[in-house]
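Chemist: Below is work.cif; it holds mmCIF, C-alpha atoms and all ligand atoms.
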```cif
data_model
loop_
_atom_site.label_atom_id
_atom_site.label_comp_id
_atom_site.auth_asym_id
_atom_site.auth_seq_id
_atom_site.Cartn_x
_atom_site.Cartn_y
_atom_site.Cartn_z
CA MET A 1 0.00 0.00 0.00
CA SER A 2 1.52 3.34 -0.98
CA THR A 3 1.21 6.15 1.50
CA VAL A 4 1.08 9.79 0.49
CA PRO A 5 3.68 11.74 2.48
CA ARG A 6 2.24 14.13 5.03
CA LEU A 7 2.58 17.79 4.12
CA PRO A 8 3.44 20.50 6.65
CA ALA A 9 0.47 22.23 8.24
CA THR A 10 1.62 25.84 8.72
CA PRO A 11 3.63 28.39 6.73
CA ARG A 12 6.51 28.10 9.24
CA GLU A 13 6.56 24.29 8.93
CA PHE A 14 6.59 24.57 5.13
CA GLU A 15 9.67 26.76 5.31
CA GLU A 16 11.37 24.40 7.78
CA GLU A 17 10.65 21.39 5.57
CA ALA A 18 11.89 23.25 2.49
CA ARG A 19 15.06 24.21 4.31
CA ALA A 20 15.68 20.60 5.32
CA ARG A 21 15.29 19.42 1.72
CA LEU A 22 17.07 22.16 -0.23
CA ASP A 23 20.78 22.54 -0.89
CA PRO A 24 21.78 25.25 1.64
CA ALA A 25 22.97 27.57 -1.16
CA HIS A 26 19.59 27.28 -2.85
CA TYR A 27 17.66 27.76 0.38
CA ASP A 28 19.66 30.94 1.05
CA TYR A 29 19.12 32.16 -2.52
CA PHE A 30 15.35 31.81 -2.02
CA ALA A 31 15.20 33.08 1.56
CA GLY A 32 17.73 35.88 1.51
CA GLY A 33 17.55 39.59 0.98
CA ALA A 34 19.88 42.47 0.20
CA GLY A 35 22.31 44.01 2.70
CA ASP A 36 21.38 43.54 6.35
CA GLU A 37 17.93 42.23 5.32
CA VAL A 38 16.23 45.16 7.06
CA THR A 39 13.56 45.40 4.35
CA LEU A 40 13.12 41.63 4.20
CA ARG A 41 12.21 41.61 7.91
CA ALA A 42 10.21 44.85 7.69
CA ASN A 43 7.76 43.38 5.19
CA GLU A 44 6.50 40.69 7.58
CA ALA A 45 6.81 42.91 10.67
CA ALA A 46 4.48 45.52 9.14
CA PHE A 47 1.65 43.00 9.01
CA ARG A 48 2.19 42.07 12.66
CA ARG A 49 2.02 45.74 13.72
CA LEU A 50 -1.45 46.05 12.22
CA ALA A 51 -4.49 44.66 14.03
CA LEU A 52 -7.84 43.78 12.45
CA LEU A 53 -11.04 45.47 13.63
CA PRO A 54 -13.99 43.35 12.50
CA ARG A 55 -17.55 44.62 12.07
CA VAL A 56 -20.39 42.63 13.62
CA LEU A 57 -23.97 41.64 12.83
CA ARG A 58 -23.77 42.50 9.18
CA GLY A 59 -25.47 39.29 8.06
CA ALA A 60 -22.89 39.06 5.33
CA GLY A 61 -23.36 35.37 4.52
CA GLU A 62 -20.62 33.10 3.19
CA PRO A 63 -17.82 35.28 1.79
CA ARG A 64 -16.77 35.21 -1.85
CA THR A 65 -13.07 35.53 -2.56
CA GLU A 66 -12.80 36.21 -6.29
CA VAL A 67 -11.40 39.44 -7.72
CA ALA A 68 -11.42 40.97 -11.23
CA LEU A 69 -8.07 42.31 -12.46
CA PRO A 70 -6.91 43.78 -15.79
CA GLY A 71 -5.29 40.45 -16.77
CA GLY A 72 -8.32 38.34 -15.85
CA ARG A 73 -10.31 37.02 -12.96
CA ALA A 74 -8.73 35.28 -9.97
CA GLY A 75 -10.67 32.97 -7.68
CA MET A 76 -8.86 34.47 -4.71
CA PRO A 77 -7.06 37.76 -4.07
CA VAL A 78 -3.71 35.96 -3.68
CA LEU A 79 -1.61 35.63 -6.83
CA VAL A 80 1.69 33.84 -7.36
CA ALA A 81 4.51 36.43 -7.51
CA PRO A 82 7.17 35.87 -10.17
CA THR A 83 10.17 34.03 -8.74
CA ALA A 84 13.15 32.61 -10.60
CA PHE A 85 14.56 29.10 -10.84
CA HIS A 86 11.69 26.84 -9.70
CA ARG A 87 13.58 23.74 -10.83
CA LEU A 88 15.98 24.32 -7.94
CA ALA A 89 13.00 23.48 -5.72
CA ASP A 90 11.38 20.67 -7.72
CA PRO A 91 12.26 18.84 -10.94
CA GLU A 92 8.95 19.87 -12.54
CA GLY A 93 9.70 23.48 -11.64
CA GLU A 94 7.38 26.14 -13.06
CA ARG A 95 5.10 23.45 -14.57
CA ALA A 96 4.25 22.28 -11.05
CA THR A 97 3.67 25.84 -9.86
CA ALA A 98 1.33 26.59 -12.75
CA ARG A 99 -0.75 23.50 -12.03
CA ALA A 100 -0.89 24.44 -8.34
CA ALA A 101 -2.05 27.95 -9.25
CA ALA A 102 -4.68 26.60 -11.64
CA ALA A 103 -5.95 24.15 -9.01
CA ASN A 104 -6.60 27.17 -6.78
CA GLU A 105 -8.05 29.28 -9.60
CA THR A 106 -5.39 31.89 -9.21
CA ILE A 107 -2.99 33.72 -11.50
CA MET A 108 0.67 32.79 -11.80
CA MET A 109 3.19 35.46 -12.78
CA VAL A 110 5.80 33.50 -14.72
CA SER A 111 9.32 34.83 -14.16
CA MET A 112 11.43 35.76 -17.15
CA ALA A 113 14.12 33.88 -15.19
CA GLY A 114 12.10 30.67 -15.17
CA THR A 115 13.78 27.32 -15.63
CA VAL A 116 10.92 26.06 -17.84
CA GLY A 117 10.04 27.97 -21.01
CA VAL A 118 6.79 29.92 -20.89
CA GLU A 119 5.31 27.77 -23.69
CA ASP A 120 5.95 24.62 -21.66
CA VAL A 121 4.50 26.20 -18.52
CA ALA A 122 1.33 27.07 -20.45
CA ALA A 123 1.13 23.59 -22.00
CA ALA A 124 1.50 21.94 -18.59
CA ALA A 125 -1.47 23.85 -17.15
CA PRO A 126 -3.76 24.88 -20.03
CA GLU A 127 -6.41 26.21 -17.65
CA ALA A 128 -3.96 28.44 -15.73
CA VAL A 129 -4.11 32.21 -16.15
CA LEU A 130 -0.50 33.29 -16.67
CA TRP A 131 1.03 36.76 -16.56
CA PHE A 132 4.57 37.09 -17.88
CA GLN A 133 7.15 38.99 -15.84
CA LEU A 134 9.61 40.94 -17.92
CA TYR A 135 12.88 42.69 -17.22
CA ILE A 136 13.03 45.06 -20.19
CA GLN A 137 16.31 44.27 -21.96
CA PRO A 138 18.15 47.25 -23.46
CA ASP A 139 18.31 45.22 -26.69
CA MET A 140 14.69 46.05 -27.62
CA PRO A 141 14.47 43.63 -30.57
CA PHE A 142 15.34 40.83 -28.12
CA THR A 143 12.79 42.18 -25.62
CA GLU A 144 10.23 42.03 -28.41
CA THR A 145 11.13 38.39 -29.13
CA VAL A 146 10.45 37.54 -25.49
CA VAL A 147 7.17 39.49 -25.49
CA ARG A 148 6.01 37.64 -28.61
CA ARG A 149 6.78 34.30 -26.93
CA ALA A 150 4.71 35.33 -23.90
CA GLU A 151 1.83 36.43 -26.15
CA ALA A 152 1.97 33.24 -28.21
CA ALA A 153 1.94 31.16 -25.02
CA GLY A 154 -1.33 32.88 -24.08
CA CYS A 155 -0.13 35.09 -21.23
CA ALA A 156 -2.82 37.59 -20.25
CA ALA A 157 -0.62 40.46 -18.99
CA LEU A 158 2.96 41.64 -18.83
CA VAL A 159 4.40 42.34 -15.40
CA VAL A 160 7.29 44.73 -15.96
CA THR A 161 9.71 44.79 -13.05
CA VAL A 162 10.93 48.34 -12.59
CA ASP A 163 12.86 48.08 -9.31
CA SER A 164 15.96 46.56 -10.86
CA PRO A 165 18.18 49.07 -12.68
CA ALA A 166 20.95 46.93 -11.13
CA ARG A 167 20.96 43.62 -9.33
CA GLY A 168 20.66 43.73 -5.54
CA VAL A 169 23.64 42.42 -3.58
CA ARG A 170 22.67 39.52 -1.34
CA GLU A 171 25.37 38.54 1.06
CA ARG A 172 23.99 35.03 1.58
CA GLU A 173 24.52 34.38 -2.16
CA LEU A 174 28.06 35.73 -1.97
CA ALA A 175 28.83 33.58 1.07
CA HIS A 176 27.88 30.43 -0.88
CA GLY A 177 29.46 31.62 -4.12
CA PHE A 178 26.03 31.13 -5.73
CA HIS A 179 26.25 32.76 -9.16
CA ASP A 180 24.96 30.29 -11.70
CA LEU A 181 22.36 27.62 -12.12
CA PRO A 182 23.66 24.04 -11.86
CA ASP A 183 24.46 22.19 -15.10
CA GLY A 184 21.34 21.20 -16.98
CA LEU A 185 19.28 24.20 -15.84
CA CYS A 186 19.06 27.57 -17.55
CA CYS A 187 16.73 30.52 -18.03
CA GLU A 188 14.65 29.02 -20.82
CA ASN A 189 12.91 32.30 -21.64
CA LEU A 190 16.25 33.84 -22.57
CA ARG A 191 17.08 31.44 -25.36
CA ASP A 192 18.36 33.16 -28.45
CA GLY A 193 19.03 30.55 -31.10
CA ALA A 194 21.51 28.09 -29.64
CA ALA A 195 22.63 30.52 -26.92
CA VAL A 196 21.00 31.55 -23.63
CA ARG A 197 21.41 35.24 -22.92
CA PRO A 198 22.18 36.57 -19.46
CA ILE A 199 19.49 38.82 -17.93
CA VAL A 200 20.63 42.43 -18.19
CA MET A 201 19.45 44.75 -15.42
CA SER A 202 20.06 48.10 -17.01
CA PRO A 203 20.13 51.59 -15.49
CA ASP A 204 19.35 52.93 -18.97
CA ILE A 205 15.74 51.75 -18.89
CA GLY A 206 13.31 54.67 -18.64
CA TRP A 207 9.70 55.66 -19.25
CA GLU A 208 10.35 55.75 -23.01
CA HIS A 209 10.90 51.97 -22.84
CA ILE A 210 7.44 51.59 -21.27
CA ASP A 211 6.07 53.65 -24.17
CA ARG A 212 7.82 51.37 -26.66
CA LEU A 213 6.45 48.31 -24.90
CA ARG A 214 2.97 49.86 -24.90
CA ARG A 215 3.22 50.27 -28.70
CA MET A 216 4.62 46.74 -29.07
CA THR A 217 1.75 44.86 -27.41
CA ASP A 218 -1.93 45.06 -26.53
CA LEU A 219 -1.41 43.10 -23.31
CA PRO A 220 -2.14 45.04 -20.12
CA ILE A 221 1.08 46.20 -18.46
CA VAL A 222 1.46 45.84 -14.70
CA LEU A 223 4.37 47.86 -13.28
CA LYS A 224 6.01 45.84 -10.48
CA GLY A 225 8.19 47.59 -7.94
CA ILE A 226 6.42 50.90 -7.44
CA MET A 227 7.16 52.17 -3.92
CA ASN A 228 7.28 55.96 -4.20
CA PRO A 229 3.89 57.68 -4.67
CA ALA A 230 5.68 60.20 -6.94
CA ASP A 231 6.00 57.44 -9.56
CA VAL A 232 2.26 56.71 -9.65
CA ARG A 233 1.11 59.54 -11.94
CA PRO A 234 3.86 58.92 -14.55
CA ALA A 235 3.03 55.21 -14.45
CA ILE A 236 -0.62 55.91 -15.24
CA GLU A 237 0.27 58.47 -17.91
CA HIS A 238 2.57 55.95 -19.59
CA GLY A 239 -0.25 53.43 -19.81
CA ALA A 240 0.16 51.07 -16.84
CA ALA A 241 -3.02 49.02 -16.36
CA ALA A 242 -2.13 48.16 -12.76
CA LEU A 243 0.61 48.83 -10.21
CA LEU A 244 2.27 46.31 -7.94
CA VAL A 245 3.72 47.82 -4.76
CA SER A 246 6.82 45.74 -4.20
CA ASN A 247 10.35 46.02 -2.84
CA HIS A 248 11.26 42.73 -4.53
CA GLY A 249 10.88 40.87 -1.25
CA GLY A 250 13.74 42.91 0.23
CA ARG A 251 16.17 41.58 -2.39
CA GLN A 252 17.09 44.76 -4.26
CA LEU A 253 17.87 47.89 -2.22
CA ASP A 254 17.97 47.33 1.53
CA THR A 255 16.32 49.74 4.00
CA LEU A 256 13.28 50.46 1.82
CA PRO A 257 10.10 50.64 3.88
CA ALA A 258 7.74 47.70 4.18
CA THR A 259 5.39 47.45 1.21
CA LEU A 260 2.36 47.53 3.54
CA ASP A 261 3.48 50.94 4.83
CA MET A 262 3.69 52.38 1.31
CA LEU A 263 0.36 50.91 0.17
CA PRO A 264 -1.94 53.71 1.49
CA PRO A 265 0.01 56.59 -0.13
CA VAL A 266 0.32 54.70 -3.42
CA VAL A 267 -3.41 53.89 -3.38
CA ALA A 268 -4.15 57.55 -2.65
CA ALA A 269 -1.95 58.70 -5.54
CA ALA A 270 -3.60 56.21 -7.92
CA ASP A 271 -6.96 57.64 -6.86
CA GLY A 272 -8.92 54.76 -8.38
CA ALA A 273 -7.40 55.20 -11.86
CA VAL A 274 -5.76 51.75 -11.79
CA PRO A 275 -5.85 48.82 -9.39
CA VAL A 276 -2.97 48.59 -6.93
CA LEU A 277 -1.54 45.21 -5.90
CA LEU A 278 1.05 44.43 -3.20
CA ASP A 279 3.65 41.77 -2.49
CA GLY A 280 6.18 41.26 0.29
CA GLY A 281 5.76 39.45 3.59
CA VAL A 282 2.24 38.09 3.01
CA ARG A 283 2.13 34.82 4.94
CA ARG A 284 -1.40 34.41 6.33
CA GLY A 285 -4.97 35.08 5.26
CA THR A 286 -5.13 37.83 7.88
CA ASP A 287 -2.19 39.56 6.10
CA VAL A 288 -4.14 39.40 2.84
CA VAL A 289 -7.22 40.94 4.44
CA LYS A 290 -5.16 43.77 6.00
CA ALA A 291 -3.70 44.69 2.59
CA LEU A 292 -7.14 44.56 0.97
CA ALA A 293 -8.55 46.77 3.75
CA LEU A 294 -5.86 49.35 2.93
CA GLY A 295 -6.89 49.39 -0.71
CA ALA A 296 -5.00 46.58 -2.46
CA ALA A 297 -6.99 44.91 -5.23
CA ALA A 298 -5.01 41.70 -4.62
CA VAL A 299 -1.69 40.54 -3.18
CA ALA A 300 0.99 38.15 -4.39
CA VAL A 301 3.20 35.67 -2.56
CA GLY A 302 6.75 34.74 -3.50
CA ARG A 303 8.64 32.63 -0.97
CA PRO A 304 5.63 30.74 0.47
CA VAL A 305 5.05 29.10 -2.93
CA LEU A 306 8.75 28.20 -3.22
CA TRP A 307 8.59 26.56 0.22
CA GLY A 308 5.52 24.60 -0.87
CA LEU A 309 7.26 23.51 -4.05
CA ALA A 310 10.44 22.45 -2.25
CA ALA A 311 8.55 20.66 0.53
CA GLY A 312 6.09 18.78 -1.65
CA GLY A 313 6.31 19.67 -5.36
CA GLU A 314 3.03 20.53 -7.07
CA ARG A 315 1.06 19.14 -4.12
CA GLY A 316 3.02 21.29 -1.67
CA ALA A 317 2.62 24.48 -3.69
CA ALA A 318 -1.09 23.75 -4.14
CA ARG A 319 -1.48 23.17 -0.40
CA VAL A 320 0.17 26.50 0.45
CA LEU A 321 -2.21 28.31 -1.89
CA ALA A 322 -5.23 26.35 -0.63
CA MET A 323 -4.32 27.22 2.97
CA LEU A 324 -4.14 30.90 2.07
CA ARG A 325 -7.48 30.71 0.26
CA ALA A 326 -9.17 29.04 3.23
CA GLU A 327 -7.63 31.58 5.61
CA VAL A 328 -8.79 34.52 3.47
CA ARG A 329 -12.33 33.15 3.43
CA GLU A 330 -12.25 32.62 7.20
CA ALA A 331 -10.80 36.08 7.90
CA LEU A 332 -13.38 37.75 5.64
CA ALA A 333 -16.19 35.87 7.40
CA LEU A 334 -14.88 36.79 10.86
CA CYS A 335 -14.57 40.44 9.77
CA GLY A 336 -18.24 40.41 8.75
CA CYS A 337 -17.50 40.75 5.03
CA ALA A 338 -19.31 39.19 2.08
CA SER A 339 -16.38 39.88 -0.24
CA PRO A 340 -13.09 41.85 -0.36
CA ALA A 341 -15.12 44.89 -1.45
CA ASP A 342 -16.63 45.08 2.06
CA LEU A 343 -13.24 45.82 3.65
CA ASP A 344 -12.14 49.39 4.29
CA PRO A 345 -9.30 51.18 6.12
CA SER A 346 -11.37 51.59 9.31
CA MET A 347 -11.05 47.82 9.79
CA VAL A 348 -7.31 47.91 10.55
CA ARG A 349 -5.55 49.65 13.39
CA ARG A 350 -1.86 50.24 14.04
CA THR A 351 -0.79 48.76 17.34
CA CYS A 352 2.58 50.54 17.67
C1 LIG B 401 13.89 33.46 -4.94
C2 LIG B 401 13.21 34.67 -5.50
C3 LIG B 401 13.33 34.95 -6.84
C4 LIG B 401 12.68 36.07 -7.38
N1 LIG B 401 12.73 36.27 -8.72
C5 LIG B 401 12.07 37.32 -9.25
C6 LIG B 401 12.05 37.52 -10.65
O1 LIG B 401 12.60 36.73 -11.41
N2 LIG B 401 11.39 38.59 -11.12
C7 LIG B 401 10.75 39.48 -10.29
O2 LIG B 401 10.18 40.46 -10.77
N3 LIG B 401 10.73 39.31 -8.96
C8 LIG B 401 11.37 38.25 -8.43
N4 LIG B 401 11.33 38.05 -7.08
C9 LIG B 401 10.52 38.95 -6.22
C10 LIG B 401 9.09 38.43 -6.08
O3 LIG B 401 8.37 38.59 -7.27
C11 LIG B 401 8.30 39.19 -5.00
O4 LIG B 401 8.42 40.57 -5.20
C12 LIG B 401 8.76 38.84 -3.57
O5 LIG B 401 9.21 37.52 -3.46
C13 LIG B 401 7.59 39.09 -2.61
O6 LIG B 401 7.96 38.88 -1.32
P1 LIG B 401 7.68 37.51 -0.48
O7 LIG B 401 8.71 36.52 -0.95
O8 LIG B 401 7.90 37.96 0.91
O9 LIG B 401 6.27 37.05 -0.74
C14 LIG B 401 11.95 36.94 -6.53
C15 LIG B 401 11.83 36.64 -5.17
C16 LIG B 401 12.45 35.50 -4.65
C17 LIG B 401 12.28 35.19 -3.20
C1 LIG B 402 17.63 35.72 -11.53
C2 LIG B 402 17.15 36.99 -10.88
C3 LIG B 402 17.09 38.02 -11.93
C4 LIG B 402 15.84 36.77 -10.23
C5 LIG B 402 15.44 37.81 -9.23
O1 LIG B 402 14.82 38.78 -9.54
C6 LIG B 402 15.76 37.60 -7.83
O2 LIG B 402 16.53 36.69 -7.51
O3 LIG B 402 15.25 38.38 -7.01
#
```
Show me the file's structure as structure tokens.

Modeler:
Amino acid sequence: MSTVPRLPATPREFEEEARARLDPAHYDYFAGGAGDEVTLRANEAAFRRLALLPRVLRGAGEPRTEVALPGGRAGMPVLVAPTAFHRLADPEGERATARAAAANETIMMVSMAGTVGVEDVAAAAPEAVLWFQLYIQPDMPFTETVVRRAEAAGCAALVVTVDSPARGVRERELAHGFHDLPDGLCCENLRDGAAVRPIVMSPDIGWEHIDRLRRMTDLPIVLKGIMNPADVRPAIEHGAAALLVSNHGGRQLDTLPATLDMLPPVVAAADGAVPVLLDGGVRRGTDVVKALALGAAAVAVGRPVLWGLAAGGERGAARVLAMLRAEVREALALCGCASPADLDPSMVRRTC
């Protein structure tokens, strides 16, 4: 009789199990952040500083969790953030993640630095809604080749990461000498004929590149990595369909504020013109509900999905997402909400 291995039951246990299974260099690549990891810690800490203030006796009924976004509908307000190198966590890599996302009716943002090509990710999970994450390459004809691949694979939006004019320095990676993928793995979305190009993070990228991208494709463009409210108006003027408040999970510039702390001013600057999403430090359904109360249209999770993948492959990633979905439903119900639209800023309170 075959027994199905038991999966961890909490986010913390998933991370512990992933750590036990992963090569230490790969665990530290996934877990680490830039510099002293001040921002990495701040993201999670910001959620703990905020308390929830439910409303009572609203007769809200069973809550609904789905949300409508420019790149499609999601069955829950928790999307999969784009993360690189899933085959370091599981041999099926991004294919497994896409199936896990589809099983939970949510959207997967496929990293440009994926270890499975976007066409193969789409083929592995035909029912998945995929958004393609792009680092605009200064070689615009090559950027266009990548965009065409994402379009042909059926991706429903482009997520353009704008917080990376250079690569963040992560001391855990340096300590392990982790620079390259092991033999047999590469960034499949960067194939150029027989060669695989390196990802260029260029300080030359500017708003004119967003304009060129806008002219290149009809896909909605989500700008990922907006932190300063001063960037919101230009983003809207240059055609962004949505903004994703992100500090790259604390992996780019250290000592940025927590994303949750920048959400209200970014939402205020957007003034309803485009939906605002958030990632960074979301670990529980209560975190999701706090971000939604402060005006996020949805959130995304990075590391929790990697821990699920490393701890239990597709099943592990699916379980992490299912846990979050159940927790969001429970937190909405206990807040007296019929849907995310019933949340508002009066339902959270800073505790310190
Ligand atoms: C291991 C790892 C790889 C990542 N790779 C990418 C990437 O290729 N492109 C990107 O835009 N963001 C990337 N990110 C950032 C995530 O999209 C997201 O902003 C961050 O992980 C959110 O924080 P969380 O891990 O606390 O949920 C990566 C994050 C991690 C942890
Ligand atoms: C390979 C990298 C470009 C992926 C990334 O964005 C990250 O590690 O944070």

Chemist: Give the answer as one residue: which of A:Ala9, A:Val160, A:Leu181, A:Ala89 has the shortest atom-to-atom distance to Asp23 in chain A, using all atoms listed in the file?

Modeler: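 Checking each candidate against Asp23 in chain A, we get A:Ala89 as the closest.
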
Chemist: Just checking: using all atoms listed in the file, which residue out of A:Ile205, A:Pro182, A:Pro91, A:Gly72 ends up closest to Ala157 in chain A?

Modeler: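 Result for the nearest residue to Ala157 in chain A: A:Gly72.
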
Chemist: With all atoms listed in the file counted, which protein, DNA or RNA residues have an atom no more than 8 Å from (-4.1, 43.5, -25.3) in the file frame? Please answer as an NGL selection string.

Modeler: :A and (156-157 or 217-220)

Chemist: Residues around (-3.8, 24.0, -13.5), cut-off 8 Å, counting only C-alpha atoms - what are they as a VMD selection string?

Modeler: chain A and resid 98 to 105 124 to 128

Chemist: Around ligand LIG 402 (chain B), out to 9 Å and counting all atoms listed in the file, which residues are there? I want them as number ranges by chain.

Modeler: A: 29-30, 33, 82-85, 111-114, 135, 161, 164, 167-168, 187, 199-201, 248-252

Chemist: Separation of CA of Arg283 in chain A and CA of Asp342 in chain A, in Å?

Modeler: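 CA of Asp342 in chain A lies 21.6 Å from CA of Arg283 in chain A.
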
Chemist: From the set A:Leu324, A:Ala331, A:Gly285, A:Leu190, which residue has the shortest atom-to-atom contact distance to Ala150 in chain A, counting only C-alpha atoms?

Modeler: A:Leu190

Chemist: What does the structure give for the distance between atom O6 of ligand LIG 401 (chain B) and CA of Phe47 in chain A, in Å to one decimal?

Modeler: 12.8 Å

Chemist: Work out how far CA of Leu174 in chain A is from CA of Met262 in chain A, in Å to one decimal.

Modeler: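 Distance reported for this atom pair: 29.7 Å.
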
Chemist: Using all atoms listed in the file, can you tell me which of A:Arg149, A:Arg349, A:Arg284, A:Lys224 comes closest to ligand LIG 401 (chain B)?

Modeler: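 Of A:Arg149, A:Arg349, A:Arg284, A:Lys224, the one nearest ligand LIG 401 (chain B), counting all atoms listed in the file, is A:Lys224.
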
Chemist: Using all atoms listed in the file, pick whichever of A:Pro264, A:Pro77, A:Gly59, A:Gly193 has the shortest atom-to-atom distance to Cys337 in chain A.

Modeler: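 Once distances to Cys337 in chain A are computed over all atoms listed in the file, the minimum belongs to A:Gly59.
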
Chemist: Between A:Ala45, A:Met347, A:Leu309, A:Leu260, which has the minimum distance to Arg95 in chain A (counting all atoms listed in the file)?

Modeler: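 Residue with the minimum atom-to-atom distance to Arg95 in chain A: A:Leu309.
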
Chemist: Env of Ala300 in chain A: 10 Å cut, atoms = all atoms listed in the file, seq-sep filter 5 positions within chain, self excluded. Answer as a tab-separated table (two decimals) with C-alpha atoms, in the coordinates of the input.

Modeler:
```
chain	number	residue	atom	x	y	z
A	77	PRO	CA	-7.06	37.76	-4.07
A	78	VAL	CA	-3.71	35.96	-3.68
A	79	LEU	CA	-1.61	35.63	-6.83
A	80	VAL	CA	1.69	33.84	-7.36
A	81	ALA	CA	4.51	36.43	-7.51
A	82	PRO	CA	7.17	35.87	-10.17
A	107	ILE	CA	-2.99	33.72	-11.50
A	108	MET	CA	0.67	32.79	-11.80
A	109	MET	CA	3.19	35.46	-12.78
A	244	LEU	CA	2.27	46.31	-7.94
A	246	SER	CA	6.82	45.74	-4.20
A	277	LEU	CA	-1.54	45.21	-5.90
A	278	LEU	CA	1.05	44.43	-3.20
A	279	ASP	CA	3.65	41.77	-2.49
A	280	GLY	CA	6.18	41.26	0.29
A	281	GLY	CA	5.76	39.45	3.59
A	282	VAL	CA	2.24	38.09	3.01
A	283	ARG	CA	2.13	34.82	4.94
A	288	VAL	CA	-4.14	39.40	2.84
```
